[in-house]
>>> print(open('data-v9.cif').read())   # mmCIF, C-alpha atoms and all ligand atoms
data_coords
loop_
_atom_site.label_atom_id
_atom_site.label_comp_id
_atom_site.auth_asym_id
_atom_site.auth_seq_id
_atom_site.Cartn_x
_atom_site.Cartn_y
_atom_site.Cartn_z
CA MET A 1 -13.63 -1.61 -36.03
CA THR A 2 -17.20 -0.46 -36.40
CA ALA A 3 -19.83 -0.65 -33.70
CA GLY A 4 -21.49 -3.36 -35.77
CA ASP A 5 -18.30 -5.48 -35.63
CA ILE A 6 -18.24 -5.15 -31.87
CA ARG A 7 -21.89 -6.16 -31.62
CA GLU A 8 -21.19 -9.22 -33.73
CA ILE A 9 -18.30 -10.22 -31.47
CA ILE A 10 -20.29 -9.76 -28.27
CA GLU A 11 -23.26 -11.66 -29.65
CA GLY A 12 -20.97 -14.44 -30.76
CA LEU A 13 -19.47 -14.97 -27.29
CA GLU A 14 -20.14 -18.27 -25.56
CA PRO A 15 -19.97 -18.17 -21.77
CA GLN A 16 -17.98 -21.39 -21.51
CA TYR A 17 -15.12 -19.93 -23.60
CA LEU A 18 -14.77 -16.69 -21.68
CA HIS A 19 -11.99 -17.96 -19.48
CA ALA A 20 -9.90 -19.22 -22.39
CA ILE A 21 -10.44 -16.02 -24.42
CA LEU A 22 -9.41 -13.86 -21.48
CA GLU A 23 -6.33 -15.95 -20.80
CA VAL A 24 -5.07 -15.14 -24.27
CA ALA A 25 -6.23 -11.51 -24.31
CA LEU A 26 -4.89 -10.70 -20.86
CA LYS A 27 -1.33 -11.53 -21.85
CA ARG A 28 -1.23 -8.41 -24.00
CA THR A 29 -2.30 -6.02 -21.25
CA SER A 30 -0.10 -4.02 -18.93
CA LEU A 31 -2.27 -5.30 -16.07
CA PHE A 32 -0.93 -8.79 -16.77
CA LYS A 33 2.64 -7.58 -17.02
CA TRP A 34 2.31 -5.63 -13.77
CA LYS A 35 0.79 -8.58 -11.88
CA LEU A 36 3.34 -11.00 -13.35
CA VAL A 37 6.20 -8.88 -12.05
CA GLN A 38 4.53 -8.48 -8.66
CA VAL A 39 4.09 -12.26 -8.34
CA ALA A 40 7.65 -12.90 -9.55
CA LYS A 41 8.93 -10.58 -6.80
CA LYS A 42 6.88 -12.47 -4.24
CA PHE A 43 8.43 -15.73 -5.43
CA GLY A 44 11.90 -14.16 -5.33
CA ALA A 45 12.40 -14.76 -9.05
CA ILE A 46 13.37 -11.13 -9.60
CA ASP A 47 14.77 -8.43 -7.41
CA ALA A 48 12.20 -6.76 -5.13
CA ASP A 49 13.28 -3.32 -6.33
CA ALA A 50 13.09 -4.15 -10.04
CA ASP A 51 11.20 -1.56 -12.07
CA TYR A 52 8.57 -3.37 -14.09
CA GLU A 53 8.57 -0.77 -16.85
CA ARG A 54 12.21 -1.57 -17.54
CA LEU A 55 12.14 -5.37 -17.66
CA SER A 56 12.91 -6.73 -21.09
CA LEU A 57 10.32 -8.72 -23.02
CA HIS A 58 12.77 -11.57 -22.95
CA ARG A 59 12.88 -11.53 -19.15
CA LEU A 60 9.09 -11.30 -19.00
CA SER A 61 8.57 -14.32 -21.24
CA ASP A 62 11.07 -16.14 -19.03
CA LEU A 63 8.80 -15.44 -16.06
CA VAL A 64 5.68 -16.51 -17.96
CA SER A 65 7.34 -19.86 -18.65
CA MET A 66 7.72 -20.59 -14.93
CA PRO A 67 4.58 -22.60 -14.07
CA ALA A 68 4.28 -21.46 -10.44
CA ILE A 69 4.51 -17.77 -11.38
CA HIS A 70 2.33 -18.18 -14.47
CA ASN A 71 -0.43 -19.93 -12.51
CA GLU A 72 -0.35 -17.59 -9.54
CA THR A 73 -0.54 -14.54 -11.84
CA TYR A 74 -3.67 -15.87 -13.51
CA ARG A 75 -5.15 -17.00 -10.22
CA GLU A 76 -4.84 -13.49 -8.79
CA LEU A 77 -6.10 -11.81 -11.95
CA PHE A 78 -9.13 -14.04 -12.21
CA SER A 79 -9.98 -13.86 -8.53
CA ARG A 80 -9.36 -10.17 -7.90
CA TYR A 81 -9.70 -8.23 -11.15
CA ILE A 82 -12.08 -10.16 -13.35
CA ASP A 83 -15.54 -11.46 -12.58
CA ILE A 84 -16.10 -14.31 -15.05
CA THR A 85 -19.26 -15.55 -13.34
CA ARG A 86 -21.04 -12.21 -13.69
CA ALA A 87 -19.74 -11.74 -17.24
CA ALA A 88 -21.12 -15.16 -18.19
CA GLU A 89 -24.49 -14.25 -16.66
CA ILE A 90 -24.60 -11.11 -18.80
CA ILE A 91 -23.82 -13.06 -21.96
CA VAL A 92 -26.56 -15.57 -21.14
CA ALA A 93 -28.99 -12.71 -20.48
CA LEU A 94 -28.09 -11.24 -23.90
CA LYS A 95 -28.76 -14.57 -25.58
CA THR A 96 -32.13 -15.05 -23.89
CA GLY A 97 -33.13 -11.44 -24.68
CA GLU A 98 -33.32 -10.46 -21.04
CA ILE A 99 -30.72 -7.77 -21.86
CA THR A 100 -30.71 -5.98 -25.21
CA LEU A 101 -27.59 -4.66 -26.90
CA VAL A 102 -28.19 -1.16 -28.25
CA LEU A 103 -25.77 0.85 -30.40
CA ALA A 104 -25.34 4.40 -29.13
CA PRO A 105 -22.73 7.16 -28.89
CA PRO A 106 -20.13 6.53 -26.18
CA SER A 107 -21.16 7.24 -22.59
CA ILE A 108 -18.76 9.08 -20.30
CA ILE A 109 -17.34 5.80 -19.03
CA GLY A 110 -17.08 4.40 -22.55
CA ALA A 111 -15.36 7.52 -23.83
CA SER A 112 -12.78 7.44 -21.09
CA GLY A 113 -11.91 3.91 -22.17
CA ILE A 114 -11.32 5.09 -25.74
CA PHE A 115 -9.47 8.31 -25.10
CA SER A 116 -7.53 7.87 -21.89
CA SER A 117 -5.44 4.78 -22.37
CA ARG A 118 -3.77 2.56 -24.90
CA ASP A 119 -4.83 -0.39 -22.74
CA GLN A 120 -8.25 -1.83 -22.07
CA ILE A 121 -7.54 -2.13 -18.38
CA PRO A 122 -5.01 0.42 -17.20
CA PRO A 123 -3.42 -0.97 -14.04
CA PRO A 124 -2.19 1.21 -11.25
CA THR A 125 1.57 1.52 -11.49
CA ALA A 126 3.37 -0.59 -8.91
CA ASP A 127 4.49 2.60 -7.25
CA GLN A 128 0.95 3.95 -6.85
CA ALA A 129 -0.28 0.65 -5.47
CA VAL A 130 2.49 0.52 -2.90
CA ILE A 131 1.90 4.13 -1.83
CA ALA A 132 -1.85 3.57 -1.54
CA THR A 133 -1.21 0.55 0.68
CA ILE A 134 1.15 2.31 3.08
CA ARG A 135 -1.09 5.40 3.21
CA HIS A 136 -4.04 3.20 4.15
CA ARG A 137 -2.07 1.17 6.70
CA LEU A 138 -0.55 4.17 8.45
CA ALA A 139 -3.87 6.04 8.65
CA ARG A 140 -5.26 3.14 10.68
CA GLN A 141 -2.12 2.56 12.71
CA GLU A 142 -2.72 2.72 16.46
CA VAL A 143 -0.73 5.32 18.36
CA ILE A 144 -0.48 6.31 22.00
CA LEU A 145 -0.24 10.05 22.62
CA ALA A 146 1.52 10.65 25.94
CA CYS A 147 2.27 13.94 27.69
CA MET A 148 5.98 14.43 28.40
CA ASN A 149 5.33 17.57 30.44
CA CYS A 150 3.13 16.44 33.37
CA ARG A 151 3.87 12.74 32.66
CA LYS A 152 0.37 11.86 33.82
CA TRP A 153 -1.70 11.70 30.64
CA LYS A 154 -1.89 9.30 27.73
CA VAL A 155 -4.55 8.39 25.19
CA ARG A 156 -4.81 5.63 22.60
CA THR A 157 -6.01 6.56 19.11
CA VAL A 158 -5.19 5.97 15.43
CA VAL A 159 -3.12 8.25 13.19
CA GLU A 160 -6.03 9.53 11.10
CA ARG A 161 -8.00 10.54 14.23
CA SER A 162 -5.07 12.30 15.87
CA PRO A 163 -5.43 16.07 16.29
CA ASP A 164 -3.28 18.32 14.08
CA HIS A 165 -1.56 19.59 17.22
CA PRO A 166 -2.29 17.35 20.21
CA ILE A 167 -2.70 18.94 23.64
CA CYS A 168 -2.43 17.18 27.00
CA GLY A 169 -5.85 16.53 28.53
CA ASN A 170 -4.36 17.08 31.98
CA CYS A 171 -1.91 20.00 31.86
CA LYS A 172 -2.70 21.47 28.39
CA ALA A 173 0.95 21.23 27.32
CA ARG A 174 1.81 20.48 23.71
CA LEU A 175 4.81 18.30 24.52
CA ILE A 176 3.17 15.04 23.44
CA ALA A 177 5.08 11.92 22.41
CA ALA A 178 3.54 9.63 19.78
CA LEU A 179 4.24 5.98 20.64
CA LYS A 180 3.58 2.76 18.81
CA PRO A 181 1.47 0.35 20.91
CA TYR A 182 4.49 -1.84 21.75
CA GLU A 183 6.35 1.22 23.05
CA GLU A 184 3.68 2.02 25.63
CA GLU A 185 5.68 0.59 28.54
CA GLN A 186 8.46 3.06 27.75
CA TYR A 187 6.23 5.81 29.11
CA GLY A 188 6.20 4.18 32.54
CA ILE A 189 9.96 3.64 32.39
CA ALA A 190 10.64 7.27 31.42
CA ASN A 191 8.58 8.45 34.37
CA LYS A 192 10.34 6.39 37.05
CA LYS A 193 11.84 8.49 39.85
CA THR A 194 15.26 6.85 39.67
CA LYS A 195 16.50 5.58 36.35
CA THR A 196 19.36 3.47 35.05
CA LYS A 197 21.48 4.70 32.17
CA GLU A 198 19.32 2.74 29.69
CA GLU A 199 16.15 4.12 31.22
CA LYS A 200 17.48 7.65 30.97
CA GLU A 201 18.14 6.99 27.28
CA ILE A 202 14.51 5.88 26.83
CA GLU A 203 13.36 9.10 28.47
CA ARG A 204 15.64 11.14 26.20
CA ARG A 205 14.14 9.47 23.13
CA LEU A 206 10.58 10.11 24.30
CA ILE A 207 11.34 13.78 24.93
CA LYS A 208 12.88 14.04 21.46
CA ASN A 209 9.80 12.27 20.07
CA ALA A 210 7.52 14.81 21.81
CA ASN A 211 9.56 17.73 20.49
CA ILE A 212 9.15 16.39 16.95
CA VAL A 213 5.38 16.19 17.45
CA LEU A 214 5.42 19.68 18.95
CA SER A 215 6.90 21.13 15.76
CA GLY A 216 5.54 18.68 13.17
CA GLY A 217 2.03 17.99 14.51
CA LYS A 218 -0.03 15.26 12.87
CA LYS A 219 2.49 14.77 10.05
CA ALA A 220 5.09 13.89 12.71
CA ILE A 221 2.66 11.45 14.34
CA LEU A 222 2.19 9.77 10.96
CA VAL A 223 5.93 9.40 10.39
CA LEU A 224 6.55 8.15 13.94
CA ALA A 225 3.85 5.49 13.47
CA ALA A 226 5.86 3.78 10.70
CA LYS A 227 7.68 0.51 11.36
CA GLY A 228 11.05 1.00 13.01
CA VAL A 229 10.93 4.78 12.64
CA GLY A 230 12.24 6.34 15.85
CA PRO A 231 12.78 10.02 16.62
CA ASP A 232 16.11 10.20 14.77
CA THR A 233 14.80 8.78 11.49
CA ALA A 234 11.56 10.75 11.88
CA SER A 235 13.32 14.08 12.23
CA ARG A 236 15.48 13.29 9.22
CA ILE A 237 12.39 12.49 7.13
CA LEU A 238 10.51 15.57 8.34
CA ALA A 239 13.55 17.76 7.61
CA THR A 240 13.25 16.87 3.91
CA CYS A 241 10.01 18.88 3.90
CA THR A 242 8.34 16.47 1.52
CA ASP A 243 4.61 15.97 1.32
CA GLY A 244 2.06 13.69 -0.28
CA ASP A 245 3.44 10.75 -2.26
CA SER A 246 7.09 11.66 -1.76
CA LEU A 247 6.60 11.74 2.02
CA TYR A 248 5.22 8.19 1.85
CA ARG A 249 8.13 7.19 -0.37
CA GLU A 250 10.54 8.42 2.30
CA ILE A 251 8.66 6.51 5.03
CA LEU A 252 8.68 3.39 2.87
CA LYS A 253 12.43 3.66 2.39
CA ALA A 254 12.91 3.92 6.15
CA GLU A 255 10.66 0.91 6.81
CA ARG A 256 12.47 -1.18 4.21
CA ASN A 257 15.79 -0.21 5.67
CA PHE A 258 14.58 -1.18 9.13
CA ILE A 259 13.27 -4.54 7.95
CA ARG A 260 16.47 -5.25 6.06
CA THR A 261 18.70 -4.54 9.06
CA HIS A 262 16.48 -6.12 11.74
CA ARG A 263 15.25 -9.24 9.99
CA PHE A 264 17.61 -11.55 11.84
CA TRP A 265 16.91 -10.64 15.41
CA GLN A 266 13.23 -9.78 15.36
ZN ZN A 301 0.38 16.92 30.56
#
>>> encode(input="data-v9.cif", output="structure tokens")
Amino acid sequence: MTAGDIREIIEGLEPQYLHAILEVALKRTSLFKWKLVQVAKKFGAIDADADYERLSLHRLSDLVSMPAIHNETYRELFSRYIDITRAAEIIVALKTGEITLVLAPPSIIGASGIFSSRDQIPPPTADQAVIATIRHRLARQEVILACMNCRKWKVRTVVERSPDHPICGNCKARLIAALKPYEEEQYGIANKKTKTKEEKEIERRLIKNANIVLSGGKKAILVLAAKGVGPDTASRILATCTDGDSLYREILKAERNFIRTHRFWQ
């Protein structure tokens, strides 16, 4: 297509048909396919672990033919990824001459659209989106840092503001346990003078937790902040020595495992 063809198409657009045009055009994008699979998982129509790259076209068209999934996919695409109202305003402004269409060599943004992808709108892969979400959630997760040496100091913070190697504000020890907010009362229990067998077990877990933070620092605090990840799972994850995305993948696996095994009594 020449630039002139493109100009003709843009100038021929009518704002009231934008929605219908996009509905047809979107179906051919990987953004649509990705969102369709995501919605289908939410509805339980396909397995939660299904890899969207591997689903057959046949299976995909099956999903498209389910009205609830079809409608929800479009609803999410049109409300979160596409701004029809603004696009219509731009087309109207072109028609009234308020905006002028000028042919020019590609800008940096334009060039990246031509050269970087086979698709007009490259979606994040499902994997990247999931990792970004857990990374964001854990960074903001509240944690309580509690000294297991003097047993007299604790502070509430979030993972991303935790020090690389926390130190007790009272006794300067580095034996600091990282607790989730709902585990805070365990600190009081572990510090009781006389303890039952169960209470001794809580204390043992907090000391193990603090030892993991002692050797793993902030990375250990991050892992311990994940859902259902106690000291045993945390030390297993940290022992794999992974970093970056693969660390988050390990955490995600542990959280999923926890949710799967605890769903019925939580
Ligand atoms: Zn202390």
>>> closest_residue(input="data-v9.cif", among="A:Ile176, A:Lys27, A:Leu63, A:Glu76", to="Gly44 (chain A)", atoms="only C-alpha atoms")
A:Leu63
>>> residues_near_ligand(input="data-v9.cif", ligand="ligand ZN 301 (chain A)", cutoff="7 Å", atoms="all atoms listed in the file", output="list in words")
Cys147, Met148, Asn149, Cys150, Arg151, Lys152, Trp153, Cys168, Gly169, Asn170, Cys171, Lys172 and Ala173 of chain A
>>> axis_aligned_box(input="data-v9.cif", around="region 35-50 of chain A", padding_each_side="6 Å", output="AutoDock Vina command-line options")
--center_x 7.8 --center_y -9.5 --center_z -8.8 --size_x 26.0 --size_y 24.4 --size_z 21.1
>>> atom_distance(input="data-v9.cif", atom1="CA of Tyr81 (chain A)", atom2="CA of Leu57 (chain A)")
23.3 Å
>>> closest_residue(input="data-v9.cif", among="A:Ala210, A:Ser235, A:Ala254, A:Glu8", to="Leu103 (chain A)", atoms="only C-alpha atoms")
A:Glu8
>>> residues_around(input="data-v9.cif", residues="Lys192 (chain A)", least_positions_apart="5", cutoff="12 Å", atoms="all atoms listed in the file", output="VMD selection string")
chain A and resid 151 to 152 185 to 187 199 to 200 202 to 203
>>> residues_around(input="data-v9.cif", residues="Ala220 (chain A)", least_positions_apart="2", cutoff="10 Å", atoms="all atoms listed in the file", output="list in words")
Val159, Asp164, His165, Ala177, Ala178, Asn209, Ala210, Asn211, Ile212, Val213, Leu214, Ser215, Gly216, Gly217, Lys218, Leu222, Val223, Leu224, Ala225, Pro231, Ala234, Ser235, Ile237 and Leu238 of chain A
>>> closest_residue(input="data-v9.cif", among="A:Tyr248, A:Arg75, A:Thr96, A:Ser65", to="Ala129 (chain A)", atoms="all atoms listed in the file")
A:Tyr248
>>> atom_distance(input="data-v9.cif", atom1="CA of Thr157 (chain A)", atom2="CA of Arg174 (chain A)")
16.6 Å
>>> closest_residue(input="data-v9.cif", among="A:Ile221, A:Leu60, A:Ile46, A:Ile91", to="Tyr17 (chain A)", atoms="all atoms listed in the file")
A:Ile91
>>> atom_distance(input="data-v9.cif", atom1="CA of Val130 (chain A)", atom2="CA of Arg156 (chain A)")
27.0 Å
>>> decode(input="data-v9.cif", residues="region 16-63 of chain A", atoms="C-alpha atoms", output="JSON list (two decimals), in the first residue's frame")
[["chain", "number", "residue", "atom", "x", "y", "z"],
["A", 16, "GLN", "CA", -20.05, 6.11, 13.48],
["A", 17, "TYR", "CA", -18.59, 3.02, 11.75],
["A", 18, "LEU", "CA", -15.39, 2.86, 13.77],
["A", 19, "HIS", "CA", -16.75, 0.34, 16.24],
["A", 20, "ALA", "CA", -17.96, -2.04, 13.54],
["A", 21, "ILE", "CA", -14.71, -1.76, 11.54],
["A", 22, "LEU", "CA", -12.64, -2.47, 14.63],
["A", 23, "GLU", "CA", -14.77, -5.44, 15.59],
["A", 24, "VAL", "CA", -13.91, -7.09, 12.30],
["A", 25, "ALA", "CA", -10.26, -5.97, 12.22],
["A", 26, "LEU", "CA", -9.55, -6.94, 15.81],
["A", 27, "LYS", "CA", -10.40, -10.58, 15.19],
["A", 28, "ARG", "CA", -7.23, -10.94, 13.15],
["A", 29, "THR", "CA", -4.89, -9.60, 15.82],
["A", 30, "SER", "CA", -2.97, -11.55, 18.41],
["A", 31, "LEU", "CA", -4.29, -9.07, 20.98],
["A", 32, "PHE", "CA", -7.78, -10.44, 20.36],
["A", 33, "LYS", "CA", -6.61, -14.03, 20.53],
["A", 34, "TRP", "CA", -4.73, -13.37, 23.77],
["A", 35, "LYS", "CA", -7.70, -11.63, 25.40],
["A", 36, "LEU", "CA", -10.12, -14.29, 24.17],
["A", 37, "VAL", "CA", -8.06, -17.02, 25.83],
["A", 38, "GLN", "CA", -7.73, -14.98, 29.01],
["A", 39, "VAL", "CA", -11.50, -14.48, 29.20],
["A", 40, "ALA", "CA", -12.16, -18.15, 28.37],
["A", 41, "LYS", "CA", -9.92, -19.14, 31.29],
["A", 42, "LYS", "CA", -11.84, -16.80, 33.57],
["A", 43, "PHE", "CA", -15.09, -18.44, 32.48],
["A", 44, "GLY", "CA", -13.57, -21.89, 33.00],
["A", 45, "ALA", "CA", -14.09, -22.79, 29.33],
["A", 46, "ILE", "CA", -10.46, -23.85, 28.98],
["A", 47, "ASP", "CA", -7.83, -25.03, 31.37],
["A", 48, "ALA", "CA", -6.18, -22.24, 33.41],
["A", 49, "ASP", "CA", -2.72, -23.48, 32.41],
["A", 50, "ALA", "CA", -3.47, -23.69, 28.68],
["A", 51, "ASP", "CA", -0.81, -22.05, 26.52],
["A", 52, "TYR", "CA", -2.55, -19.64, 24.19],
["A", 53, "GLU", "CA", 0.12, -19.98, 21.50],
["A", 54, "ARG", "CA", -0.71, -23.66, 21.19],
["A", 55, "LEU", "CA", -4.50, -23.57, 20.98],
["A", 56, "SER", "CA", -5.80, -24.69, 17.62],
["A", 57, "LEU", "CA", -7.71, -22.31, 15.37],
["A", 58, "HIS", "CA", -10.59, -24.71, 15.64],
["A", 59, "ARG", "CA", -10.64, -24.41, 19.43],
["A", 60, "LEU", "CA", -10.36, -20.63, 19.17],
["A", 61, "SER", "CA", -13.33, -20.32, 16.82],
["A", 62, "ASP", "CA", -15.22, -22.54, 19.25],
["A", 63, "LEU", "CA", -14.56, -19.97, 21.96]]
